[in-house]
>>> print(open('structure_20.txt').read())   # compact mmCIF, C-alpha atoms and all ligand atoms
# COMPACT_ATOMS: atom_id res chain seq x y z
CA MET A 1 108.64 22.79 -11.30
CA GLY A 2 105.32 21.97 -12.91
CA ALA A 3 104.98 19.00 -15.25
CA GLY A 4 104.41 21.27 -18.24
CA ASP A 5 107.23 23.76 -17.60
CA LYS A 6 110.34 24.23 -19.64
CA LEU A 7 113.04 21.85 -18.43
CA PRO A 8 116.43 23.13 -17.21
CA SER A 9 118.63 23.24 -20.30
CA LEU A 10 121.64 20.99 -20.72
CA ALA A 11 125.01 21.92 -22.23
CA ILE A 12 124.64 19.59 -25.21
CA ASP A 13 126.47 20.21 -28.48
CA TRP A 14 123.69 19.13 -30.84
CA ALA A 15 125.85 19.28 -33.95
CA GLU A 16 128.09 16.72 -32.29
CA VAL A 17 125.09 14.57 -31.33
CA GLU A 18 123.88 14.66 -34.94
CA GLN A 19 127.30 13.51 -36.08
CA GLU A 20 127.41 10.74 -33.51
CA ALA A 21 123.89 9.54 -34.32
CA THR A 22 124.73 9.52 -38.01
CA GLU A 23 127.89 7.47 -37.56
CA LEU A 24 126.13 4.99 -35.33
CA LEU A 25 123.21 4.59 -37.72
CA VAL A 26 125.55 4.09 -40.70
CA ARG A 27 127.08 1.13 -38.88
CA TYR A 28 123.68 -0.20 -37.78
CA LEU A 29 122.26 -0.01 -41.32
CA ARG A 30 125.23 -1.94 -42.67
CA ILE A 31 124.24 -4.92 -40.54
CA ASP A 32 121.68 -6.89 -42.53
CA THR A 33 118.97 -7.98 -40.09
CA THR A 34 116.36 -8.87 -42.71
CA ASN A 35 113.59 -10.91 -41.15
CA PRO A 36 113.19 -13.68 -42.09
CA PRO A 37 115.66 -14.95 -40.96
CA GLY A 38 116.39 -11.95 -38.67
CA GLY A 39 119.90 -12.63 -37.46
CA GLU A 40 119.60 -9.81 -34.93
CA GLU A 41 122.74 -10.91 -33.06
CA ALA A 42 125.15 -8.67 -34.99
CA GLY A 43 122.85 -5.68 -34.52
CA ALA A 44 122.57 -6.43 -30.81
CA GLU A 45 126.38 -6.62 -30.64
CA LEU A 46 126.76 -3.10 -32.04
CA LEU A 47 124.31 -1.75 -29.45
CA THR A 48 125.93 -3.75 -26.65
CA HIS A 49 129.40 -2.58 -27.60
CA THR A 50 128.29 1.06 -27.62
CA LEU A 51 126.53 0.69 -24.27
CA ARG A 52 129.53 -1.01 -22.62
CA SER A 53 131.90 1.68 -23.82
CA GLU A 54 129.73 4.21 -21.95
CA GLY A 55 129.72 2.28 -18.69
CA PHE A 56 126.37 0.49 -19.04
CA GLU A 57 125.95 -3.20 -18.30
CA PRO A 58 123.69 -4.39 -21.11
CA ARG A 59 121.92 -7.73 -20.96
CA LEU A 60 121.47 -10.04 -23.91
CA TYR A 61 118.54 -12.41 -24.42
CA GLU A 62 118.77 -15.22 -26.94
CA ALA A 63 115.41 -16.63 -27.99
CA GLY A 64 116.77 -18.87 -30.73
CA ASP A 65 119.69 -19.23 -33.08
CA GLY A 66 120.96 -15.67 -33.53
CA ARG A 67 117.63 -14.18 -32.36
CA VAL A 68 119.04 -11.77 -29.81
CA SER A 69 117.46 -8.85 -27.95
CA VAL A 70 119.30 -6.43 -25.70
CA SER A 71 118.43 -4.25 -22.71
CA ALA A 72 120.24 -1.63 -20.67
CA ARG A 73 119.05 0.20 -17.58
CA LEU A 74 119.83 3.72 -16.45
CA PRO A 75 118.86 3.87 -12.78
CA GLY A 76 116.72 6.72 -11.57
CA THR A 77 117.79 8.81 -8.61
CA ASN A 78 114.69 7.99 -6.63
CA SER A 79 112.95 5.07 -8.30
CA ALA A 80 111.41 3.49 -5.19
CA GLY A 81 107.74 2.79 -5.84
CA THR A 82 108.04 3.43 -9.58
CA LYS A 83 108.61 1.29 -12.64
CA PRO A 84 110.87 2.15 -15.58
CA ILE A 85 110.13 4.18 -18.68
CA VAL A 86 110.86 1.82 -21.58
CA LEU A 87 112.47 3.05 -24.81
CA LEU A 88 111.54 0.27 -27.20
CA SER A 89 112.83 -0.51 -30.68
CA HIS A 90 113.27 -3.55 -32.89
CA ILE A 91 116.53 -4.69 -34.47
CA ASP A 92 115.09 -6.64 -37.41
CA VAL A 93 113.97 -5.12 -40.71
CA VAL A 94 111.68 -6.22 -43.53
CA PRO A 95 113.15 -7.65 -46.77
CA VAL A 96 114.06 -5.40 -49.71
CA GLU A 97 113.36 -5.61 -53.42
CA ARG A 98 116.87 -4.57 -54.44
CA ASP A 99 116.02 -3.77 -58.05
CA TYR A 100 113.82 -0.89 -56.96
CA TRP A 101 116.42 0.80 -54.77
CA SER A 102 118.56 3.70 -55.99
CA VAL A 103 121.37 2.64 -53.63
CA ASP A 104 122.57 -0.53 -51.90
CA PRO A 105 120.05 -0.84 -49.02
CA PHE A 106 122.70 -2.27 -46.68
CA ALA A 107 125.64 0.02 -47.44
CA GLY A 108 124.71 2.87 -45.08
CA VAL A 109 124.96 5.43 -47.88
CA LEU A 110 125.15 9.05 -46.71
CA LYS A 111 124.66 11.76 -49.30
CA ASP A 112 123.52 15.38 -49.05
CA GLY A 113 122.63 15.00 -45.38
CA VAL A 114 120.41 11.97 -45.93
CA LEU A 115 121.15 8.47 -44.74
CA TRP A 116 119.79 5.67 -46.93
CA GLY A 117 119.12 2.09 -45.95
CA ARG A 118 116.58 -0.50 -44.91
CA GLY A 119 115.63 0.29 -41.32
CA ALA A 120 116.49 4.01 -41.48
CA LEU A 121 112.90 4.74 -40.35
CA ASP A 122 111.62 1.30 -39.36
CA MET A 123 113.24 1.38 -36.96
CA LYS A 124 116.98 1.46 -36.54
CA GLY A 125 116.93 5.26 -36.74
CA MET A 126 114.59 5.44 -33.74
CA GLY A 127 116.72 2.81 -31.96
CA VAL A 128 119.76 5.06 -32.36
CA MET A 129 117.84 8.11 -31.07
CA GLU A 130 116.70 6.14 -28.03
CA LEU A 131 120.22 4.92 -27.40
CA LEU A 132 121.55 8.48 -27.60
CA VAL A 133 118.91 9.67 -25.16
CA LEU A 134 120.20 7.10 -22.69
CA LEU A 135 123.84 8.09 -23.28
CA LEU A 136 123.11 11.82 -23.03
CA LEU A 137 121.20 11.43 -19.77
CA LYS A 138 124.16 9.56 -18.29
CA ARG A 139 126.91 11.80 -19.69
CA HIS A 140 125.19 14.95 -18.46
CA ARG A 141 124.23 13.38 -15.14
CA VAL A 142 120.62 14.41 -15.60
CA ALA A 143 118.68 13.71 -12.43
CA HIS A 144 115.46 11.79 -13.00
CA ARG A 145 113.21 9.79 -10.77
CA ARG A 146 112.35 6.58 -12.61
CA ASP A 147 114.71 4.05 -14.16
CA ILE A 148 114.97 4.23 -17.92
CA LEU A 149 115.11 0.92 -19.75
CA PHE A 150 116.51 0.76 -23.27
CA LEU A 151 115.13 -2.32 -25.00
CA ALA A 152 115.98 -3.34 -28.58
CA VAL A 153 114.28 -6.56 -29.58
CA ALA A 154 114.32 -9.22 -32.27
CA ASP A 155 111.57 -10.43 -34.57
CA GLU A 156 109.06 -7.59 -34.54
CA GLU A 157 108.43 -7.79 -38.27
CA GLU A 158 107.42 -11.45 -38.24
CA GLY A 159 105.09 -11.45 -35.27
CA SER A 160 107.51 -11.19 -32.28
CA ARG A 161 107.75 -14.90 -31.48
CA PHE A 162 111.54 -14.63 -30.99
CA GLY A 163 111.34 -11.10 -29.63
CA MET A 164 108.78 -9.35 -27.46
CA SER A 165 106.47 -12.35 -27.07
CA TRP A 166 109.38 -14.56 -26.02
CA LEU A 167 110.63 -11.93 -23.59
CA ALA A 168 107.14 -11.57 -22.11
CA GLU A 169 107.22 -15.27 -21.30
CA HIS A 170 110.84 -15.71 -20.19
CA HIS A 171 111.69 -12.28 -18.79
CA PRO A 172 108.39 -10.81 -17.61
CA GLU A 173 110.34 -8.28 -15.52
CA LEU A 174 110.96 -6.39 -18.79
CA LEU A 175 107.20 -5.89 -19.08
CA GLU A 176 107.06 -4.11 -15.74
CA ALA A 177 106.95 -0.48 -16.81
CA ASP A 178 105.18 2.78 -16.10
CA ALA A 179 105.22 3.82 -19.77
CA VAL A 180 106.62 2.79 -23.14
CA ILE A 181 107.79 4.92 -26.06
CA ASN A 182 107.94 3.01 -29.33
CA GLU A 183 107.28 3.29 -33.06
CA GLY A 184 103.75 3.78 -34.39
CA ALA A 185 103.55 7.40 -35.56
CA PHE A 186 105.80 9.92 -37.31
CA GLY A 187 105.66 13.67 -37.72
CA PHE A 188 104.78 15.43 -40.98
CA GLY A 189 105.20 18.78 -42.65
CA GLU A 190 102.17 17.92 -44.78
CA LEU A 191 99.26 15.58 -44.27
CA MET A 192 96.67 14.53 -46.85
CA GLY A 193 97.51 17.59 -48.93
CA ALA A 194 97.43 20.19 -46.12
CA ARG A 195 100.62 21.86 -44.88
CA GLY A 196 101.46 22.22 -41.21
CA LEU A 197 103.75 20.93 -38.51
CA VAL A 198 102.25 17.78 -37.10
CA PHE A 199 103.62 15.13 -34.76
CA GLY A 200 101.61 11.94 -34.63
CA VAL A 201 101.24 10.21 -31.28
CA SER A 202 99.57 6.83 -31.53
CA THR A 203 97.87 5.44 -28.47
CA THR A 204 96.27 2.39 -30.04
CA GLU A 205 96.59 0.30 -33.16
CA LYS A 206 94.86 -2.12 -35.46
CA ALA A 207 95.44 -5.83 -34.99
CA PRO A 208 96.76 -8.26 -37.59
CA LEU A 209 94.82 -11.25 -38.84
CA TRP A 210 96.96 -13.04 -41.40
CA LEU A 211 95.18 -15.62 -43.49
CA ARG A 212 96.05 -18.14 -46.17
CA LEU A 213 93.41 -19.22 -48.66
CA LYS A 214 93.83 -22.70 -50.09
CA VAL A 215 91.93 -24.20 -52.98
CA LYS A 216 92.25 -27.76 -54.21
CA GLY A 217 90.94 -28.48 -57.68
CA ARG A 218 91.33 -31.07 -60.38
CA PRO A 219 94.50 -30.93 -62.47
CA GLY A 220 94.25 -31.45 -66.19
CA HIS A 221 95.35 -30.50 -69.69
CA GLY A 222 95.05 -26.87 -70.68
CA SER A 223 93.37 -27.91 -73.91
CA LEU A 224 90.42 -29.43 -72.01
CA PRO A 225 89.14 -26.82 -69.56
CA HIS A 226 86.77 -27.93 -66.79
CA ARG A 227 84.88 -26.29 -63.93
CA ASN A 228 87.23 -27.32 -61.10
CA ASN A 229 90.31 -25.24 -61.90
CA ALA A 230 91.91 -24.30 -58.55
CA ALA A 231 93.47 -21.09 -59.88
CA GLN A 232 90.19 -19.96 -61.42
CA ARG A 233 88.22 -20.60 -58.24
CA LEU A 234 90.80 -18.79 -56.14
CA VAL A 235 90.64 -15.77 -58.45
CA GLU A 236 86.85 -15.76 -58.18
CA ALA A 237 87.01 -15.87 -54.37
CA LEU A 238 89.56 -13.04 -54.34
CA THR A 239 87.44 -11.00 -56.70
CA ARG A 240 84.44 -11.30 -54.36
CA ILE A 241 86.62 -10.25 -51.43
CA GLY A 242 87.94 -7.26 -53.36
CA ALA A 243 84.46 -6.15 -54.33
CA ALA A 244 82.92 -6.52 -50.86
CA GLU A 245 81.86 -3.33 -49.14
CA SER A 246 83.56 -2.62 -45.87
CA GLN A 247 81.70 -1.48 -42.82
CA ILE A 248 82.63 1.99 -41.61
CA THR A 249 83.32 2.47 -37.91
CA LEU A 250 84.50 5.77 -36.44
CA ARG A 251 86.40 4.90 -33.28
CA PRO A 252 86.93 7.62 -30.64
CA GLU A 253 90.71 7.61 -31.23
CA VAL A 254 90.16 8.28 -34.92
CA ALA A 255 87.49 10.89 -34.26
CA ALA A 256 90.13 12.62 -32.10
CA THR A 257 92.50 12.63 -35.08
CA PHE A 258 89.92 14.24 -37.36
CA GLU A 259 88.85 16.72 -34.68
CA THR A 260 92.46 17.84 -34.18
CA LEU A 261 93.02 18.25 -37.92
CA GLU A 262 89.79 20.22 -38.14
CA ARG A 263 90.86 22.50 -35.26
CA VAL A 264 94.15 23.37 -36.98
CA GLY A 265 92.60 23.70 -40.43
CA MET A 266 94.26 20.62 -41.88
CA LEU A 267 91.23 18.43 -42.42
CA PRO A 268 90.94 17.57 -46.13
CA PRO A 269 88.08 19.54 -47.70
CA GLY A 270 84.92 17.50 -47.88
CA LEU A 271 85.89 15.11 -45.11
CA ASP A 272 82.78 15.68 -43.03
CA PHE A 273 83.65 12.84 -40.69
CA ARG A 274 80.55 13.30 -38.52
CA ASP A 275 78.34 12.22 -41.41
CA PRO A 276 78.64 8.43 -41.80
CA ASN A 277 77.65 8.55 -45.48
CA VAL A 278 80.27 11.15 -46.33
CA LEU A 279 82.86 9.26 -44.32
CA ALA A 280 82.08 6.07 -46.24
CA GLU A 281 82.39 7.93 -49.51
CA VAL A 282 85.72 9.51 -48.62
CA ALA A 283 87.00 6.13 -47.39
CA GLN A 284 86.34 4.70 -50.86
CA ALA A 285 88.83 7.09 -52.42
CA ASN A 286 91.31 7.82 -49.64
CA ASP A 287 93.54 4.88 -48.61
CA LEU A 288 94.55 6.38 -45.28
CA VAL A 289 91.00 7.28 -44.27
CA ARG A 290 89.83 3.81 -45.30
CA ALA A 291 92.49 2.18 -43.12
CA LEU A 292 91.43 4.34 -40.19
CA VAL A 293 87.69 3.63 -40.33
CA SER A 294 87.37 0.03 -41.47
CA ASN A 295 88.75 -3.46 -41.19
CA THR A 296 90.89 -3.97 -44.27
CA VAL A 297 91.85 -6.98 -46.37
CA THR A 298 94.96 -6.79 -48.52
CA LEU A 299 95.90 -9.49 -50.99
CA THR A 300 99.67 -9.95 -50.65
CA THR A 301 100.67 -13.15 -52.44
CA VAL A 302 99.10 -15.46 -55.02
CA ASP A 303 100.62 -18.76 -55.95
CA SER A 304 99.39 -21.34 -58.43
CA GLY A 305 100.36 -23.21 -61.54
CA GLN A 306 103.63 -24.31 -63.08
CA LYS A 307 103.21 -24.64 -66.80
CA HIS A 308 101.41 -22.81 -69.58
CA ASN A 309 99.35 -25.85 -70.65
CA VAL A 310 98.63 -27.55 -67.31
CA ILE A 311 95.54 -26.82 -65.18
CA PRO A 312 96.84 -26.43 -61.61
CA GLY A 313 95.46 -28.72 -58.91
CA ASN A 314 96.24 -26.21 -56.14
CA ALA A 315 96.10 -22.49 -55.59
CA ARG A 316 96.99 -20.39 -52.58
CA ALA A 317 96.88 -16.77 -51.59
CA THR A 318 97.77 -14.80 -48.51
CA LEU A 319 95.61 -12.02 -47.10
CA ASP A 320 96.84 -9.39 -44.67
CA CYS A 321 93.75 -8.34 -42.73
CA ARG A 322 93.86 -5.54 -40.17
CA LEU A 323 91.08 -5.19 -37.64
CA LEU A 324 90.03 -2.11 -35.70
CA PRO A 325 90.37 -2.15 -31.91
CA GLY A 326 87.46 -3.96 -30.30
CA GLU A 327 86.61 -6.11 -33.33
CA ASN A 328 86.05 -9.84 -32.99
CA PRO A 329 88.34 -11.86 -35.30
CA ASP A 330 85.96 -14.85 -35.29
CA ALA A 331 83.08 -12.67 -36.43
CA PHE A 332 85.31 -11.18 -39.11
CA LEU A 333 86.28 -14.66 -40.33
CA ALA A 334 82.63 -15.67 -40.51
CA HIS A 335 81.93 -12.51 -42.53
CA LEU A 336 84.80 -13.33 -44.89
CA ARG A 337 83.51 -16.89 -45.37
CA ALA A 338 80.14 -15.48 -46.30
CA VAL A 339 81.74 -13.12 -48.82
CA ILE A 340 83.81 -15.93 -50.39
CA ALA A 341 80.64 -18.05 -50.60
CA ASP A 342 82.58 -21.17 -51.62
CA ASP A 343 83.00 -23.85 -48.96
CA SER A 344 85.83 -25.50 -50.84
CA VAL A 345 88.05 -22.47 -50.23
CA GLU A 346 89.92 -23.28 -47.04
CA ILE A 347 90.93 -20.42 -44.73
CA GLU A 348 93.99 -21.03 -42.61
CA VAL A 349 94.75 -18.56 -39.83
CA VAL A 350 98.50 -17.90 -39.98
CA TYR A 351 98.64 -15.22 -37.30
CA ARG A 352 96.09 -13.45 -35.21
CA TYR A 353 96.19 -10.99 -32.38
CA GLU A 354 93.21 -9.81 -30.39
CA PRO A 355 92.25 -6.25 -31.38
CA LEU A 356 92.72 -4.51 -28.05
CA VAL A 357 90.94 -1.43 -26.89
CA SER A 358 93.57 0.44 -24.94
CA GLU A 359 93.10 3.36 -22.63
CA VAL A 360 94.63 6.63 -23.78
CA PRO A 361 97.71 7.30 -21.61
CA VAL A 362 96.68 10.83 -20.73
CA GLU A 363 99.75 11.68 -18.65
CA LEU A 364 102.28 10.56 -21.24
CA VAL A 365 100.44 12.37 -24.03
CA GLU A 366 100.43 15.51 -21.84
CA GLN A 367 104.20 15.18 -21.38
CA ILE A 368 104.70 14.92 -25.14
CA ALA A 369 102.48 17.97 -25.60
CA ALA A 370 104.67 19.89 -23.14
CA THR A 371 107.79 18.83 -25.07
CA LEU A 372 106.32 20.09 -28.35
CA ARG A 373 105.17 23.34 -26.75
CA HIS A 374 108.69 24.17 -25.58
CA GLU A 375 110.89 22.49 -28.17
CA SER A 376 108.84 22.88 -31.35
CA PRO A 377 106.53 25.88 -30.95
CA GLY A 378 103.63 25.87 -33.37
CA ALA A 379 103.70 22.10 -33.75
CA VAL A 380 100.47 20.18 -33.44
CA LEU A 381 100.18 16.94 -31.46
CA LEU A 382 98.03 14.63 -33.53
CA PRO A 383 96.50 11.81 -31.48
CA MET A 384 96.02 8.77 -33.63
CA MET A 385 95.48 5.07 -34.07
CA SER A 386 98.27 3.36 -35.94
CA PRO A 387 96.99 1.36 -38.91
CA GLY A 388 100.01 -0.94 -38.49
CA PHE A 389 100.79 -3.07 -35.47
CA THR A 390 103.79 -2.82 -33.20
CA ASP A 391 105.24 -4.45 -30.11
CA SER A 392 103.34 -1.86 -28.07
CA ARG A 393 100.41 -4.28 -28.10
CA ILE A 394 102.31 -6.64 -25.80
CA TYR A 395 102.66 -3.89 -23.19
CA ARG A 396 99.16 -2.50 -23.71
CA GLU A 397 97.52 -5.86 -23.13
CA ARG A 398 99.17 -5.84 -19.70
CA GLY A 399 97.78 -2.41 -18.99
CA VAL A 400 101.09 -0.58 -19.51
CA PRO A 401 100.54 2.68 -21.40
CA ALA A 402 102.49 2.77 -24.65
CA VAL A 403 102.73 5.47 -27.27
CA GLY A 404 104.00 5.45 -30.82
CA PHE A 405 106.07 8.62 -31.09
CA VAL A 406 108.91 8.82 -33.61
CA PRO A 407 109.42 12.58 -33.57
CA VAL A 408 110.85 13.17 -37.02
CA LEU A 409 109.28 15.24 -39.81
CA LEU A 410 108.72 13.25 -43.00
CA THR A 411 107.46 13.99 -46.46
CA THR A 412 104.89 11.63 -47.98
CA ASP A 413 107.67 10.39 -50.25
CA GLU A 414 109.95 9.59 -47.32
CA LEU A 415 107.11 7.81 -45.54
CA GLY A 416 106.79 5.55 -48.59
CA GLY A 417 110.20 4.09 -47.72
CA VAL A 418 108.78 2.29 -44.70
CA HIS A 419 108.41 -1.33 -45.91
CA GLY A 420 108.94 0.16 -49.40
CA HIS A 421 111.92 1.26 -51.47
CA ASP A 422 114.60 3.90 -50.86
CA GLU A 423 113.99 4.08 -47.11
CA ARG A 424 115.98 7.00 -45.71
CA ILE A 425 116.26 9.57 -42.93
CA SER A 426 117.90 12.99 -42.91
CA THR A 427 120.59 13.63 -40.31
CA ALA A 428 118.60 16.76 -39.35
CA ASN A 429 115.74 14.43 -38.43
CA LEU A 430 118.08 12.28 -36.34
CA ARG A 431 119.01 15.39 -34.40
CA LEU A 432 115.43 16.67 -34.08
CA GLY A 433 114.17 13.25 -33.00
CA THR A 434 116.86 12.89 -30.35
CA GLN A 435 116.13 16.39 -29.01
CA LEU A 436 112.40 15.81 -28.72
CA LEU A 437 112.77 12.32 -27.32
CA LEU A 438 115.26 13.46 -24.70
CA ASP A 439 112.88 16.16 -23.51
CA THR A 440 109.91 13.76 -23.42
CA VAL A 441 111.87 11.07 -21.57
CA ARG A 442 113.03 13.58 -18.97
CA ARG A 443 109.40 14.56 -18.37
CA ALA A 444 108.17 10.97 -18.30
CA ALA A 445 110.94 9.81 -15.97
CA GLY A 446 110.04 12.64 -13.63
CA ALA A 447 111.98 15.01 -11.41
CA PRO A 448 113.92 13.30 -8.60
ZN ZN B 501 108.77 -1.35 -37.19
>>> encode(input="structure_20.txt", output="structure tokens")
Amino acid sequence: MGAGDKLPSLAIDWAEVEQEATELLVRYLRIDTTNPPGGEEAGAELLTHTLRSEGFEPRLYEAGDGRVSVSARLPGTNSAGTKPIVLLSHIDVVPVERDYWSVDPFAGVLKDGVLWGRGALDMKGMGVMELLVLLLLKRHRVAHRRDILFLAVADEEEGSRFGMSWLAEHHPELLEADAVINEGAFGFGELMGARGLVFGVSTTEKAPLWLRLKVKGRPGHGSLPHRNNAAQRLVEALTRIGAAESQITLRPEVAATFETLERVGMLPPGLDFRDPNVLAEVAQANDLVRALVSNTVTLTTVDSGQKHNVIPGNARATLDCRLLPGENPDAFLAHLRAVIADDSVEIEVVYRYEPLVSEVPVELVEQIAATLRHESPGAVLLPMMSPGFTDSRIYRERGVPAVGFVPVLLTTDELGGVHGHDERISTANLRLGTQLLLDTVRRAAGAP
């Protein structure tokens, strides 16, 4: 059998799988793993319990109070000389602003075939699909060469200190892999206004540089304004940052995205990406394009002052900067200092990760392409760089190929639920995602 052929079909009742995935995700969403503080233990327990009941021997890893990750291995039939395929997910979720939700984000509400809750997309839904892939491979005794390692980790949303980074230090054997499938890209029925069937596959990502700006000024009475008002100076610094022009860089991974969209007729009209001036102009107006072709700075919190008639002595703000692969964070900081042009504004680096340039995992991308060819005819594989960052970076920096591939089809509105409000996933997507993942994993794990 060639690597790109149709795989032997399995006697799987997909309606039943959809039902099972839905029930499991309802229970998973009801466990509040908001990070901070995380409290992934209860989520890990649900996964562990499910794995044990199917004859797996899961392992638990505790990196701190309640900060638990879990792994389970499905041995390959002929894994000598190979390393596992890792199915990676994170157990923690980002906080919610409850007032903006139409439903209780931790109730696991199911209505009209859609499952609502924080983590439905990011990324408990994917965790459930990966778990089901493992269970289905075992139940149907599917022969495959490599081991398959299910890994659900803590603390992805707060920088991975109690999750993937801790595991890399204390259980480096989990980093030994031939390939990793993780979050980082979804599929769409529509992209930037154009309709089509597109599955994103991210092979690289931007790197976070989280900064805190601190200004100390002179307190005083609101009736006697002076020139050293901390809040005022912070606002002026932030205004300069907001007005600064960003440099446009078209990385090869992003050029590949545009080229693919062009080939299938889904490139937004006027996005002549080969012309740097046009690209810069489009980036001004289009948030997604801007994120793909420049380092970005997002103001996320501002904090100063306590009383209407008191001049604050301190002001602080946090900036979420995201750098393109290959950028130098020190050079970026120097650039930012020049833009702020006020030495009394202190810049504290809260979190930084080196913006890696990672090699495109050609073989894995080919396997995904084969899956789409057979399981979703007419679908387009869209190679991309993820504007967000994921735990894939911890594998990629060790030279292990990792892809972001969450094979569900979202509307723009549904995508807005990721780190936003009303996060949700349809049960049809749970089924589709499990089908496509199963096929891809079978290809990646190889014939025995
Ligand atoms: Zn995530």
>>> closest_residue(input="structure_20.txt", among="A:Met385, A:Val345, A:Leu438, A:Val293", to="Lys214 (chain A)", atoms="only C-alpha atoms")
A:Val345
>>> closest_residue(input="structure_20.txt", among="A:Asp122, A:Glu130, A:Glu363, A:Asp422", to="ligand ZN 501 (chain B)", atoms="all atoms listed in the file")
A:Asp122
>>> atom_distance(input="structure_20.txt", atom1="CA of Leu319 (chain A)", atom2="CA of Glu414 (chain A)")
25.9 Å
>>> residues_near_ligand(input="structure_20.txt", ligand="ligand ZN 501 (chain B)", cutoff="9 Å", atoms="all atoms listed in the file", output="ChimeraX atom specification")
/A:89-94,119,121-124,156-157,183-184,388-391,418-419
>>> residues_around(input="structure_20.txt", residues="Ile31 (chain A)", least_positions_apart="5", cutoff="7 Å", atoms="all atoms listed in the file", output="PDB file with C-alpha atoms, in the frame of the given file")
ATOM      1  CA  ALA A  42     125.150  -8.670 -34.990  1.00  0.00           C
ATOM      2  CA  GLY A  43     122.850  -5.680 -34.520  1.00  0.00           C
ATOM      3  CA  PHE A 106     122.700  -2.270 -46.680  1.00  0.00           C
TER       4      PHE A 106
END
>>> residues_around(input="structure_20.txt", residues="Trp166 (chain A)", least_positions_apart="2", cutoff="10 Å", atoms="all atoms listed in the file", output="NGL selection string")
:A and (61-64 or 154-155 or 160-164 or 168-172)
>>> residues_around(input="structure_20.txt", residues="Val86 (chain A)", least_positions_apart="5", cutoff="7 Å", atoms="all atoms listed in the file", output="VMD selection string")
chain A and resid 148 to 151 177 179 to 181
>>> residues_around(input="structure_20.txt", residues="region 136-138 of chain A", least_positions_apart="4", cutoff="9 Å", atoms="only C-alpha atoms", output="JSON, numbers by chain")
{"A": [12, 17, 54, 74, 131, 132, 142, 143, 144, 438, 442]}
>>> decode(input="structure_20.txt", residues="region 25-38 of chain A", atoms="N, CA and C atoms", output="compact mmCIF listing (two decimals), in the first residue's frame")
# COMPACT_ATOMS: atom_id res chain seq x y z
N LEU A 25 -17.32 14.94 26.17
CA LEU A 25 -16.99 16.37 26.17
C LEU A 25 -17.91 17.13 27.13
N VAL A 26 -19.16 16.72 27.24
CA VAL A 26 -20.06 17.37 28.21
C VAL A 26 -19.45 17.27 29.60
N ARG A 27 -18.97 16.09 29.95
CA ARG A 27 -18.39 15.90 31.29
C ARG A 27 -17.10 16.71 31.45
N TYR A 28 -16.31 16.74 30.40
CA TYR A 28 -15.02 17.45 30.43
C TYR A 28 -15.25 18.96 30.59
N LEU A 29 -16.26 19.48 29.87
CA LEU A 29 -16.54 20.93 29.93
C LEU A 29 -17.08 21.35 31.29
N ARG A 30 -17.70 20.39 31.98
CA ARG A 30 -18.26 20.71 33.30
C ARG A 30 -17.18 20.83 34.37
N ILE A 31 -15.98 20.39 34.05
CA ILE A 31 -14.87 20.52 34.99
C ILE A 31 -14.19 21.85 34.72
N ASP A 32 -14.24 22.73 35.68
CA ASP A 32 -13.68 24.08 35.50
C ASP A 32 -12.16 24.03 35.67
N THR A 33 -11.44 24.15 34.57
CA THR A 33 -9.97 24.14 34.65
C THR A 33 -9.41 25.51 34.23
N THR A 34 -10.11 26.56 34.62
CA THR A 34 -9.67 27.92 34.30
C THR A 34 -8.26 28.16 34.84
N ASN A 35 -7.43 28.68 33.96
CA ASN A 35 -6.03 28.94 34.31
C ASN A 35 -5.73 30.42 34.14
N PRO A 36 -5.30 31.16 35.17
CA PRO A 36 -5.07 30.66 36.52
C PRO A 36 -6.38 30.38 37.25
N PRO A 37 -6.37 29.45 38.25
CA PRO A 37 -5.21 28.69 38.77
C PRO A 37 -4.94 27.38 38.02
N GLY A 38 -5.85 26.95 37.13
CA GLY A 38 -5.61 25.69 36.40
C GLY A 38 -6.40 24.54 37.00
